[in-house]
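Contents: one structure, followed by commentary.
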Amino acid sequence: MMRLSVLDQAPVTSGHTGEHALNSAVELAQVAEELGYYRMWMAEHHGGMSFASSAPEVITAYLAAKTNKIRLGSGGIMMMHYSPLKMAEVFKTLSALAPGRIDFGVGRAPGGDANAIYAMSQGQKPMMDGLYEKLDTTLQLIKDEAPEERWYKNTPAAPTGVTLPEAWLLGSSGNSAVQAGRMGLGYSFAQFFNGELSADTLDTYRHHFTPSDFMEKPDISVTYLVTTAETEEEAEYLARPSDLSRLFLMRGQLRQLLSPEAAHDYPLTEVDKIHIANNRAIHLVGTPKQIAEQLRDESERYGFDEAMICSIQHKQEDRLNVYRLLANELL
């Protein structure tokens with residue numbers, strides 16, 4: 001049976017604070033655990049007011065202390081900003097505190113705009129090359145192995161001897177599929193980025209998969225942006241703020257999510273309406289039965305193991321309701 005999981009970006013919606021967004025993430029983790037969701041990942045975003053999840057490893061530690069069995073981790077750590085030793089130490093620490101429940105999900109994206117990238121590197125040239133090599137070094141350190149560089153010979157990643165976290169590589173265009181397979185990692189495809197999921201991409205990952213200490217067999221998750229409600233009309237009403245957020249993003253504008261009332265009052269041109277319609281390829285909107293049917297169909301068509309749901313709603317209760325409704329249909 002297809003697993004169902006959660007991706008949270010800790011959205012800071014209009015009229016709310018970052019503190020509210022993080023407290024909402026805690027509540028979501030607890031509700032998701034009660035509903036039977038398999039895992040919950042926190043994203044990493046920098047340099048904006050729209051998301052409060054800038055430190056997913058910190059949030060993961062807190063969520064682990066507030067839950068009992070749901071898997072937790074990063075979706076993902078933006079590895080260009082960090083050293084292999086630091087990433088290894090952070091996730092070994094998390095795994096020591098919550099053994100068998102931690103996921104080390106990493107991505108090659110910056111998690112922010114050009115200003116954020118340079119702020120994260122203190123104005124120096126960002127380290128955007130050699131990221132797969134950096135990941136390989138990190139994985140060696142997590143396994144208590146010494147990479148060949150001399151500075152690692154007497155510098156193990158502490159704590160040592162802990163339960164290995166699961167390791168996942170994120171992707172949105174298929175470029176990471178080969179590397180995820182060769183490294184023996186799980187592969188998480190962000191369908192909600194650009195809607196380019198294909199059977200070829202996932203087949204490429206499976207073809208190149210080599211078992212590792214982190215994963216014995218291929219494992220694929222696909223992340224969807226979802227808005228669902230009891231009726232199509234209500235789902236469409238609640239979906240408009242996310243539709244507008246994507247429209248604003250296309251214009252280079254990072255804005256907090258509007259309320260449904262404000263979103264429906266926002267004037268749209270005919271071109272805007274076309275863009276919103278086209279963007280529905282990455283935003284699933286409908287009743288729970290309609291969404292569940294689409295997820296089952298795509299799981300069967302592409303052969304993935306897990307659907308990860310990201311839902312951004314202005315009201316926390318509306319967001320929790322998305323996960324409750326989907327759980328009723330799929331779990």
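Quick note on naming: the chains in the structure tokens go A, B, ... in the order shown, residues restart at 1 in each chain, and ligands are numbered from 1 in order of appearance.
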Excluding same-chain residues fewer than 4 positions from A:Gly303, what lies within 10 Å of it counting only C-alpha atoms, as a list in words? Met2, Ala199, Leu202, Asp203, Asp219, Ile220, Ser221, Arg296, Asp297, Glu298 and Ser299 of chain A
Could you pull the residues within 8 Å of A:Glu19, counting only C-alpha atoms, minus those fewer than 3 positions along the same chain, as a list in words? Leu22, Asn23 and Ala52 of chain A
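From atom CA of A:Ala61 back to atom CA of A:His81, the distance works out to 19.9 Å.
Comparing the minimum interatomic distances between A:Thr60 and each of A:Ser198, A:Ser95, A:Ser245, A:Thr160, counting only C-alpha atoms, we find that A:Ser95 sits nearest.
The residue set within 8 Å of A:Gly48, counting only C-alpha atoms and dropping same-chain residues fewer than 3 places from it, reads His45, Phe51, Gly112 and Leu254 of chain A.
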As a ChimeraX atom specification, please: every residue in stretch 225-306 of chain A that DSSP puts in alpha helix (DSSP H). /A:232-250,260-265,270-279,288-302
Backbone-only DSSP, strand (DSSP E) members of stretch 26-255 of chain A, as number ranges by chain: A: 39-42, 71-74, 77-78, 102-107, 166-171, 186-190, 220-228
